[in-house]
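Below is upload_26.pdb, which holds PDB, C-alpha atoms, pLDDT in the B column.
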ATOM      1  CA  MET K   1      70.277 114.818 127.383  1.00 86.00           C
ATOM      2  CA  VAL K   2      73.650 113.356 126.373  1.00 96.00           C
ATOM      3  CA  ASP K   3      74.038 109.749 127.494  1.00 97.00           C
ATOM      4  CA  ALA K   4      77.511 109.101 126.034  1.00 98.00           C
ATOM      5  CA  VAL K   5      80.518 111.126 124.878  1.00 98.00           C
ATOM      6  CA  LEU K   6      82.698 110.033 121.969  1.00 98.00           C
ATOM      7  CA  LEU K   7      86.071 111.610 121.250  1.00 98.00           C
ATOM      8  CA  ASP K   8      88.450 111.820 118.333  1.00 98.00           C
ATOM      9  CA  LEU K   9      91.994 110.836 119.341  1.00 98.00           C
ATOM     10  CA  ASP K  10      94.667 112.903 117.551  1.00 97.00           C
ATOM     11  CA  GLY K  11      94.117 116.591 118.199  1.00 96.00           C
ATOM     12  CA  THR K  12      91.150 116.049 120.510  1.00 98.00           C
ATOM     13  CA  PHE K  13      91.867 113.525 123.244  1.00 98.00           C
ATOM     14  CA  ALA K  14      95.658 113.642 123.076  1.00 98.00           C
ATOM     15  CA  ASP K  15      98.326 115.952 121.710  1.00 98.00           C
ATOM     16  CA  THR K  16     100.071 113.431 119.463  1.00 98.00           C
ATOM     17  CA  ALA K  17     101.723 115.989 117.174  1.00 97.00           C
ATOM     18  CA  PRO K  18     105.166 115.888 118.847  1.00 98.00           C
ATOM     19  CA  ASP K  19     105.627 112.154 118.213  1.00 98.00           C
ATOM     20  CA  LEU K  20     104.042 112.279 114.762  1.00 98.00           C
ATOM     21  CA  GLY K  21     106.308 115.202 113.968  1.00 98.00           C
ATOM     22  CA  GLU K  22     109.380 113.278 115.094  1.00 98.00           C
ATOM     23  CA  ALA K  23     108.398 110.431 112.772  1.00 98.00           C
ATOM     24  CA  LEU K  24     108.058 112.839 109.858  1.00 98.00           C
ATOM     25  CA  ASN K  25     111.369 114.506 110.625  1.00 98.00           C
ATOM     26  CA  HIS K  26     112.970 111.056 110.816  1.00 98.00           C
ATOM     27  CA  VAL K  27     111.885 110.440 107.225  1.00 98.00           C
ATOM     28  CA  ARG K  28     113.176 113.860 106.228  1.00 98.00           C
ATOM     29  CA  SER K  29     116.548 113.098 107.831  1.00 98.00           C
ATOM     30  CA  LEU K  30     116.795 109.884 105.805  1.00 97.00           C
ATOM     31  CA  HIS K  31     116.602 112.053 102.705  1.00 97.00           C
ATOM     32  CA  GLY K  32     119.031 114.699 103.896  1.00 97.00           C
ATOM     33  CA  LEU K  33     116.381 117.277 104.745  1.00 98.00           C
ATOM     34  CA  PRO K  34     116.340 119.481 107.866  1.00 98.00           C
ATOM     35  CA  PRO K  35     113.587 119.009 110.463  1.00 98.00           C
ATOM     36  CA  LEU K  36     110.353 120.971 110.212  1.00 98.00           C
ATOM     37  CA  PRO K  37     109.267 122.942 113.284  1.00 97.00           C
ATOM     38  CA  LEU K  38     106.405 121.505 115.300  1.00 96.00           C
ATOM     39  CA  ALA K  39     104.344 124.635 114.631  1.00 94.00           C
ATOM     40  CA  THR K  40     104.385 123.763 110.919  1.00 95.00           C
ATOM     41  CA  ILE K  41     103.532 120.114 111.499  1.00 96.00           C
ATOM     42  CA  ARG K  42     100.793 120.523 114.110  1.00 95.00           C
ATOM     43  CA  PRO K  43      97.948 121.687 111.794  1.00 92.00           C
ATOM     44  CA  GLN K  44      98.436 118.555 109.664  1.00 91.00           C
ATOM     45  CA  ALA K  45      98.743 116.100 112.538  1.00 92.00           C
ATOM     46  CA  SER K  46      95.091 115.010 112.289  1.00 87.00           C
ATOM     47  CA  HIS K  47      95.560 113.967 108.658  1.00 89.00           C
ATOM     48  CA  GLY K  48      97.637 110.879 109.342  1.00 89.00           C
ATOM     49  CA  SER K  49     100.684 109.654 107.482  1.00 94.00           C
ATOM     50  CA  ALA K  50      99.344 110.726 104.089  1.00 93.00           C
ATOM     51  CA  GLY K  51      98.823 114.331 105.153  1.00 93.00           C
ATOM     52  CA  LEU K  52     102.117 114.538 106.990  1.00 97.00           C
ATOM     53  CA  LEU K  53     104.147 113.010 104.157  1.00 98.00           C
ATOM     54  CA  LYS K  54     102.510 115.415 101.736  1.00 97.00           C
ATOM     55  CA  LEU K  55     103.588 118.272 103.995  1.00 97.00           C
ATOM     56  CA  GLY K  56     107.091 117.064 104.734  1.00 97.00           C
ATOM     57  CA  MET K  57     108.077 115.158 101.608  1.00 98.00           C
ATOM     58  CA  ASN K  58     105.639 116.442  98.965  1.00 97.00           C
ATOM     59  CA  VAL K  59     104.544 112.909  98.110  1.00 97.00           C
ATOM     60  CA  SER K  60     101.073 111.408  97.749  1.00 95.00           C
ATOM     61  CA  PRO K  61      99.908 107.763  97.777  1.00 95.00           C
ATOM     62  CA  ASP K  62     100.392 107.511  94.021  1.00 95.00           C
ATOM     63  CA  SER K  63     104.025 108.674  94.182  1.00 95.00           C
ATOM     64  CA  ASP K  64     106.699 106.050  93.459  1.00 94.00           C
ATOM     65  CA  SER K  65     108.501 106.620  96.756  1.00 96.00           C
ATOM     66  CA  TYR K  66     105.385 106.918  98.928  1.00 97.00           C
ATOM     67  CA  ASP K  67     105.200 103.330 100.220  1.00 97.00           C
ATOM     68  CA  GLU K  68     108.855 103.316 101.275  1.00 97.00           C
ATOM     69  CA  MET K  69     108.539 106.657 103.045  1.00 98.00           C
ATOM     70  CA  ARG K  70     105.295 105.638 104.727  1.00 97.00           C
ATOM     71  CA  ALA K  71     106.857 102.413 105.988  1.00 97.00           C
ATOM     72  CA  ALA K  72     109.775 104.353 107.500  1.00 98.00           C
ATOM     73  CA  PHE K  73     107.365 106.870 109.037  1.00 98.00           C
ATOM     74  CA  LEU K  74     105.152 104.203 110.617  1.00 97.00           C
ATOM     75  CA  GLU K  75     108.063 102.112 111.880  1.00 97.00           C
ATOM     76  CA  HIS K  76     109.553 105.107 113.667  1.00 98.00           C
ATOM     77  CA  TYR K  77     106.167 106.228 115.001  1.00 98.00           C
ATOM     78  CA  LYS K  78     105.339 102.774 116.388  1.00 97.00           C
ATOM     79  CA  ALA K  79     108.658 102.681 118.244  1.00 98.00           C
ATOM     80  CA  HIS K  80     108.134 106.158 119.737  1.00 98.00           C
ATOM     81  CA  ILE K  81     104.347 106.345 119.878  1.00 98.00           C
ATOM     82  CA  CYS K  82     104.141 107.905 123.327  1.00 98.00           C
ATOM     83  CA  ASP K  83     107.517 109.506 123.965  1.00 98.00           C
ATOM     84  CA  ARG K  84     106.066 113.018 124.148  1.00 98.00           C
ATOM     85  CA  THR K  85     102.334 112.508 123.569  1.00 98.00           C
ATOM     86  CA  LYS K  86     100.143 113.785 126.404  1.00 98.00           C
ATOM     87  CA  LEU K  87      96.477 114.402 127.031  1.00 98.00           C
ATOM     88  CA  PHE K  88      95.388 117.945 126.265  1.00 98.00           C
ATOM     89  CA  PRO K  89      95.134 120.111 129.395  1.00 98.00           C
ATOM     90  CA  GLY K  90      91.730 119.579 130.956  1.00 97.00           C
ATOM     91  CA  MET K  91      91.042 116.235 129.245  1.00 98.00           C
ATOM     92  CA  ALA K  92      91.893 114.141 132.303  1.00 98.00           C
ATOM     93  CA  ALA K  93      89.535 116.279 134.378  1.00 98.00           C
ATOM     94  CA  LEU K  94      86.781 115.891 131.765  1.00 98.00           C
ATOM     95  CA  ILE K  95      87.150 112.105 131.713  1.00 98.00           C
ATOM     96  CA  SER K  96      87.090 111.939 135.508  1.00 98.00           C
ATOM     97  CA  GLU K  97      83.931 114.067 135.600  1.00 97.00           C
ATOM     98  CA  LEU K  98      82.214 111.905 132.976  1.00 97.00           C
ATOM     99  CA  GLU K  99      83.077 108.791 134.965  1.00 98.00           C
ATOM    100  CA  GLU K 100      81.850 110.430 138.160  1.00 97.00           C
ATOM    101  CA  ARG K 101      78.525 111.095 136.419  1.00 96.00           C
ATOM    102  CA  ASP K 102      78.410 107.520 135.036  1.00 97.00           C
ATOM    103  CA  ILE K 103      78.464 108.842 131.467  1.00 97.00           C
ATOM    104  CA  PRO K 104      80.294 106.333 129.242  1.00 98.00           C
ATOM    105  CA  TRP K 105      82.941 107.701 126.916  1.00 98.00           C
ATOM    106  CA  GLY K 106      84.885 106.239 124.029  1.00 98.00           C
ATOM    107  CA  ILE K 107      87.355 106.933 121.264  1.00 98.00           C
ATOM    108  CA  VAL K 108      86.462 107.020 117.560  1.00 98.00           C
ATOM    109  CA  THR K 109      89.507 107.739 115.419  1.00 98.00           C
ATOM    110  CA  ASN K 110      90.813 107.198 111.909  1.00 96.00           C
ATOM    111  CA  LYS K 111      94.089 106.024 113.443  1.00 96.00           C
ATOM    112  CA  PRO K 112      94.715 102.335 112.630  1.00 96.00           C
ATOM    113  CA  HIS K 113      93.973  99.796 115.370  1.00 97.00           C
ATOM    114  CA  ARG K 114      97.637  98.786 115.668  1.00 96.00           C
ATOM    115  CA  PHE K 115      98.452 102.294 116.853  1.00 97.00           C
ATOM    116  CA  THR K 116      95.236 103.232 118.669  1.00 98.00           C
ATOM    117  CA  VAL K 117      95.343 100.484 121.267  1.00 98.00           C
ATOM    118  CA  PRO K 118      99.063 100.739 122.207  1.00 98.00           C
ATOM    119  CA  LEU K 119      98.799 104.508 122.498  1.00 98.00           C
ATOM    120  CA  MET K 120      95.706 104.361 124.705  1.00 98.00           C
ATOM    121  CA  GLU K 121      97.407 101.703 126.847  1.00 98.00           C
ATOM    122  CA  LYS K 122     100.500 103.836 127.309  1.00 98.00           C
ATOM    123  CA  LEU K 123      98.345 106.833 128.204  1.00 98.00           C
ATOM    124  CA  GLY K 124      96.544 104.677 130.771  1.00 98.00           C
ATOM    125  CA  TYR K 125      93.037 104.980 129.343  1.00 98.00           C
ATOM    126  CA  ALA K 126      92.540 101.863 127.196  1.00 98.00           C
ATOM    127  CA  THR K 127      90.509  99.967 129.795  1.00 97.00           C
ATOM    128  CA  ARG K 128      88.656 103.050 131.001  1.00 98.00           C
ATOM    129  CA  ALA K 129      87.154 103.786 127.577  1.00 98.00           C
ATOM    130  CA  ALA K 130      83.798 102.145 126.854  1.00 98.00           C
ATOM    131  CA  CYS K 131      84.951 101.566 123.272  1.00 98.00           C
ATOM    132  CA  LEU K 132      87.967 102.063 121.028  1.00 98.00           C
ATOM    133  CA  VAL K 133      86.914 102.356 117.398  1.00 98.00           C
ATOM    134  CA  SER K 134      89.805 102.772 114.954  1.00 98.00           C
ATOM    135  CA  GLY K 135      90.056 103.754 111.318  1.00 96.00           C
ATOM    136  CA  ASP K 136      90.105 100.128 110.212  1.00 97.00           C
ATOM    137  CA  THR K 137      87.481  98.810 112.640  1.00 98.00           C
ATOM    138  CA  CYS K 138      84.678  99.356 110.132  1.00 98.00           C
ATOM    139  CA  GLU K 139      84.672  99.007 106.361  1.00 97.00           C
ATOM    140  CA  LYS K 140      84.676 102.791 106.024  1.00 97.00           C
ATOM    141  CA  ALA K 141      86.313 105.484 108.150  1.00 97.00           C
ATOM    142  CA  LYS K 142      85.219 109.032 108.953  1.00 97.00           C
ATOM    143  CA  PRO K 143      83.681 111.121 107.422  1.00 97.00           C
ATOM    144  CA  HIS K 144      81.443 108.087 106.897  1.00 98.00           C
ATOM    145  CA  PRO K 145      79.137 107.695 109.926  1.00 98.00           C
ATOM    146  CA  ALA K 146      79.776 103.935 110.273  1.00 98.00           C
ATOM    147  CA  PRO K 147      82.489 104.199 112.975  1.00 98.00           C
ATOM    148  CA  LEU K 148      80.356 106.490 115.122  1.00 98.00           C
ATOM    149  CA  LEU K 149      77.288 104.307 114.724  1.00 98.00           C
ATOM    150  CA  HIS K 150      79.388 101.271 115.607  1.00 98.00           C
ATOM    151  CA  ALA K 151      80.643 103.019 118.754  1.00 98.00           C
ATOM    152  CA  ALA K 152      77.099 103.911 119.812  1.00 98.00           C
ATOM    153  CA  ASN K 153      76.075 100.292 119.321  1.00 98.00           C
ATOM    154  CA  LEU K 154      79.018  99.041 121.390  1.00 98.00           C
ATOM    155  CA  ILE K 155      78.140 101.398 124.238  1.00 98.00           C
ATOM    156  CA  GLY K 156      74.428 100.678 123.925  1.00 98.00           C
ATOM    157  CA  VAL K 157      73.316 104.296 123.484  1.00 98.00           C
ATOM    158  CA  GLU K 158      71.106 105.706 120.754  1.00 98.00           C
ATOM    159  CA  PRO K 159      73.172 107.824 118.310  1.00 98.00           C
ATOM    160  CA  GLY K 160      70.955 110.849 118.904  1.00 97.00           C
ATOM    161  CA  ARG K 161      71.937 110.787 122.570  1.00 97.00           C
ATOM    162  CA  CYS K 162      75.670 110.745 121.832  1.00 98.00           C
ATOM    163  CA  LEU K 163      77.983 113.755 121.630  1.00 98.00           C
ATOM    164  CA  TYR K 164      81.086 113.632 119.438  1.00 98.00           C
ATOM    165  CA  LEU K 165      84.052 115.942 119.987  1.00 98.00           C
ATOM    166  CA  GLY K 166      86.554 116.339 117.142  1.00 97.00           C
ATOM    167  CA  ASP K 167      88.930 118.840 115.561  1.00 96.00           C
ATOM    168  CA  ASP K 168      88.417 118.208 111.841  1.00 94.00           C
ATOM    169  CA  LEU K 169      85.657 118.776 109.305  1.00 95.00           C
ATOM    170  CA  ARG K 170      85.386 115.032 108.698  1.00 96.00           C
ATOM    171  CA  ASP K 171      84.563 114.604 112.399  1.00 97.00           C
ATOM    172  CA  MET K 172      81.633 116.980 112.167  1.00 98.00           C
ATOM    173  CA  LEU K 173      80.456 115.473 108.869  1.00 98.00           C
ATOM    174  CA  ALA K 174      80.490 112.023 110.442  1.00 98.00           C
ATOM    175  CA  ALA K 175      78.646 113.226 113.560  1.00 98.00           C
ATOM    176  CA  ASN K 176      76.043 114.991 111.455  1.00 98.00           C
ATOM    177  CA  ALA K 177      75.515 111.922 109.260  1.00 98.00           C
ATOM    178  CA  ALA K 178      75.178 109.751 112.379  1.00 98.00           C
ATOM    179  CA  HIS K 179      72.647 112.234 113.863  1.00 98.00           C
ATOM    180  CA  MET K 180      74.927 112.900 116.821  1.00 98.00           C
ATOM    181  CA  ILE K 181      75.718 116.200 118.516  1.00 97.00           C
ATOM    182  CA  GLY K 182      78.976 117.382 116.926  1.00 98.00           C
ATOM    183  CA  ILE K 183      81.226 119.742 118.902  1.00 98.00           C
ATOM    184  CA  ILE K 184      84.463 121.221 117.555  1.00 98.00           C
ATOM    185  CA  ALA K 185      87.612 120.876 119.654  1.00 97.00           C
ATOM    186  CA  GLY K 186      88.811 124.418 119.064  1.00 96.00           C
ATOM    187  CA  TYR K 187      92.029 123.718 120.961  1.00 96.00           C
ATOM    188  CA  GLY K 188      93.002 120.948 118.518  1.00 95.00           C
ATOM    189  CA  TYR K 189      94.778 120.787 115.179  1.00 95.00           C
ATOM    190  CA  LEU K 190      92.564 123.164 113.238  1.00 90.00           C
ATOM    191  CA  GLU K 191      94.159 124.476 110.089  1.00 84.00           C
ATOM    192  CA  THR K 192      94.558 128.257 109.993  1.00 81.00           C
ATOM    193  CA  ASN K 193      92.203 128.590 107.030  1.00 84.00           C
ATOM    194  CA  ALA K 194      89.524 126.279 108.455  1.00 86.00           C
ATOM    195  CA  ASP K 195      86.111 127.920 108.023  1.00 91.00           C
ATOM    196  CA  THR K 196      84.494 126.257 111.030  1.00 91.00           C
ATOM    197  CA  GLY K 197      81.463 128.508 110.717  1.00 91.00           C
ATOM    198  CA  THR K 198      80.337 126.415 107.749  1.00 94.00           C
ATOM    199  CA  TRP K 199      80.792 123.073 109.530  1.00 96.00           C
ATOM    200  CA  PRO K 200      77.657 121.158 110.614  1.00 95.00           C
ATOM    201  CA  THR K 201      78.100 121.477 114.362  1.00 96.00           C
ATOM    202  CA  ALA K 202      76.260 122.304 117.566  1.00 95.00           C
ATOM    203  CA  GLY K 203      79.116 124.420 118.908  1.00 96.00           C
ATOM    204  CA  SER K 204      82.767 124.467 119.885  1.00 97.00           C
ATOM    205  CA  VAL K 205      84.952 124.459 122.983  1.00 97.00           C
ATOM    206  CA  GLN K 206      88.364 125.935 123.645  1.00 97.00           C
ATOM    207  CA  THR K 207      89.153 123.524 126.486  1.00 98.00           C
ATOM    208  CA  PRO K 208      88.059 119.898 126.976  1.00 98.00           C
ATOM    209  CA  PHE K 209      86.421 120.584 130.337  1.00 96.00           C
ATOM    210  CA  ALA K 210      84.183 123.201 128.710  1.00 97.00           C
ATOM    211  CA  LEU K 211      82.412 120.319 126.970  1.00 97.00           C
ATOM    212  CA  LEU K 212      80.385 119.753 130.133  1.00 96.00           C
ATOM    213  CA  ARG K 213      78.087 122.647 129.277  1.00 95.00           C
ATOM    214  CA  TYR K 214      76.811 120.724 126.267  1.00 95.00           C
ATOM    215  CA  LEU K 215      75.785 117.622 128.175  1.00 92.00           C
ATOM    216  CA  SER K 216      72.245 118.886 128.735  1.00 76.00           C
ATOM    217  CA  LEU K 217      71.508 119.577 125.051  1.00 56.00           C
TER     218      LEU K 217
END
Could you rewrite the structure in this file as structure tokens?
Amino acid sequence: MVDAVLLDLDGTFADTAPDLGEALNHVRSLHGLPPLPLATIRPQASHGSAGLLKLGMNVSPDSDSYDEMRAAFLEHYKAHICDRTKLFPGMAALISELEERDIPWGIVTNKPHRFTVPLMEKLGYATRAACLVSGDTCEKAKPHPAPLLHAANLIGVEPGRCLYLGDDLRDMLAANAAHMIGIIAGYGYLETNADTGTWPTAGSVQTPFALLRYLSL
């Protein structure tokens, strides 16, 4: 039986791509470039500022202009962190059902703490979550299992009795390494060429509420 549910944030709990995309297009506008459509940005939205700047500006962390562009990206994102971000359809119902069943739930994300907490507060779920584990909470981030193990410890549930829902390979690798039940959020920011059949996972869902069928694994 599953005694706790842990969730990735971007692309799993909330659809953050519109605000992340606006931050990227802000950087592009500073360099005289036209905006990219959201459909192009969405598959990279789970990869943070590095993945988005690679997509939109063709820069990597070792590029000379990377730090300046990243600073502009993060400044704009912080100021507009929840302008258009919303929970995925069915997520609110899932959370309500988990709470009704007294099943604790929490967030484990690679998003930095300074963005995780304000976003969850604006969405109205910061105090409802049993834990908020960010990308800089532990020494290592996903795909390392440390953040998931830390979350399980905070909630007081054995890792093997936790389920983790995420939309990226690193989420499933982390869940597998932590000996948790890993479920793919098929509605999230999966890249078109993602071979999810090779991911170490117990299954996938196309809507958040469908996760309930896995709670008796």
Problem - One-decimal distance in Å that lies between atom CA of Asp171 of chain K and atom CA of His47 of chain K - result: 11.6 Å
Handout entry: Ser216 of chain K environment, 10 Å, all atoms listed in the file, sequence neighbours closer than 6 positions dropped, as a ChimeraX atom specification
Key = /K:1-3
Grab the residues selected above and save them as an mmCIF file, in the coordinates of the input with C-alpha atoms.
data_model
loop_
_atom_site.group_PDB
_atom_site.id
_atom_site.type_symbol
_atom_site.label_atom_id
_atom_site.label_comp_id
_atom_site.auth_asym_id
_atom_site.auth_seq_id
_atom_site.Cartn_x
_atom_site.Cartn_y
_atom_site.Cartn_z
ATOM 1 C CA MET K 1 70.277 114.818 127.383
ATOM 2 C CA VAL K 2 73.650 113.356 126.373
ATOM 3 C CA ASP K 3 74.038 109.749 127.494
#
Practice task
On this file, the PyMOL selection byres ((chain K and resi 159) around 10) gives some set of residues; write that set as JSON, numbers by chain.
Solution key: {"K": [2, 3, 4, 148, 149, 150, 151, 152, 153, 156, 157, 158, 160, 161, 162, 163, 164, 175, 178, 179, 180, 181]}
Practice task
Can you work out which one of K:Ala174, K:Cys138, K:Leu165, K:Pro112 has the shortest atom-to-atom distance to Val205 of chain K, counting all atoms listed in the file?
Solution key: K:Leu165
Exercise for the section: List the neighbours of Asp168 of chain K out to 8 Å using all atoms listed in the file; skip same-chain residues closer than 6 positions along the sequence, and give me the result as a ChimeraX atom specification. Expected result: /K:46,184,189-190
Residue selection dump (C-alpha atoms) as a tab-separated table (two decimals), keeping the file's coordinate frame:
chain	number	residue	atom	x	y	z
K	46	SER	CA	95.09	115.01	112.29
K	184	ILE	CA	84.46	121.22	117.56
K	189	TYR	CA	94.78	120.79	115.18
K	190	LEU	CA	92.56	123.16	113.24
Segment 16-33 of chain K: axis-aligned bounding box, 5 Å on each side, centre and edge lengths in Å, one decimal, as JSON:
{"center_x": 109.6, "center_y": 113.6, "center_z": 111.1, "size_x": 29.0, "size_y": 17.4, "size_z": 26.8}
Exercise for the section: Could you list the residues chosen by the PyMOL selection byres ((chain K and resi 87) around 8) in this structure as a list in words? Expected result: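 Evaluating the PyMOL selection byres ((chain K and resi 87) around 8) on these coordinates yields Phe13, Ala14, Asp15, Thr85, Lys86, Phe88, Pro89, Met91, Ala92 and Leu123 of chain K.
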Just add N, CA and C atoms to segment 114-128 of chain K and send it as a compact mmCIF listing (two decimals), in the coordinates of the input.
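rebuild-v9.txt, written as the output of this step:
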# COMPACT_ATOMS: atom_id res chain seq x y z
N ARG K 114 96.32 99.18 115.15
CA ARG K 114 97.64 98.79 115.67
C ARG K 114 98.37 99.94 116.34
N PHE K 115 97.88 101.14 116.15
CA PHE K 115 98.45 102.29 116.85
C PHE K 115 97.51 102.82 117.94
N THR K 116 96.22 102.72 117.71
CA THR K 116 95.24 103.23 118.67
C THR K 116 95.36 102.55 120.02
N VAL K 117 95.34 101.23 120.01
CA VAL K 117 95.34 100.48 121.27
C VAL K 117 96.65 100.67 122.05
N PRO K 118 97.83 100.51 121.44
CA PRO K 118 99.06 100.74 122.21
C PRO K 118 99.16 102.15 122.77
N LEU K 119 98.72 103.14 122.00
CA LEU K 119 98.80 104.51 122.50
C LEU K 119 97.88 104.70 123.69
N MET K 120 96.64 104.22 123.59
CA MET K 120 95.71 104.36 124.70
C MET K 120 96.18 103.59 125.93
N GLU K 121 96.85 102.46 125.72
CA GLU K 121 97.41 101.70 126.85
C GLU K 121 98.52 102.49 127.53
N LYS K 122 99.40 103.07 126.73
CA LYS K 122 100.50 103.84 127.31
C LYS K 122 100.00 105.08 128.04
N LEU K 123 98.92 105.66 127.54
CA LEU K 123 98.34 106.83 128.20
C LEU K 123 97.57 106.44 129.46
N GLY K 124 97.24 105.16 129.59
CA GLY K 124 96.54 104.68 130.77
C GLY K 124 95.03 104.73 130.70
N TYR K 125 94.48 104.83 129.48
CA TYR K 125 93.04 104.98 129.34
C TYR K 125 92.37 103.89 128.51
N ALA K 126 93.11 102.89 128.08
CA ALA K 126 92.54 101.86 127.20
C ALA K 126 91.39 101.11 127.86
N THR K 127 91.55 100.74 129.12
CA THR K 127 90.51 99.97 129.79
C THR K 127 89.42 100.85 130.39
N ARG K 128 89.67 102.14 130.48
CA ARG K 128 88.66 103.05 131.00
C ARG K 128 87.65 103.46 129.93
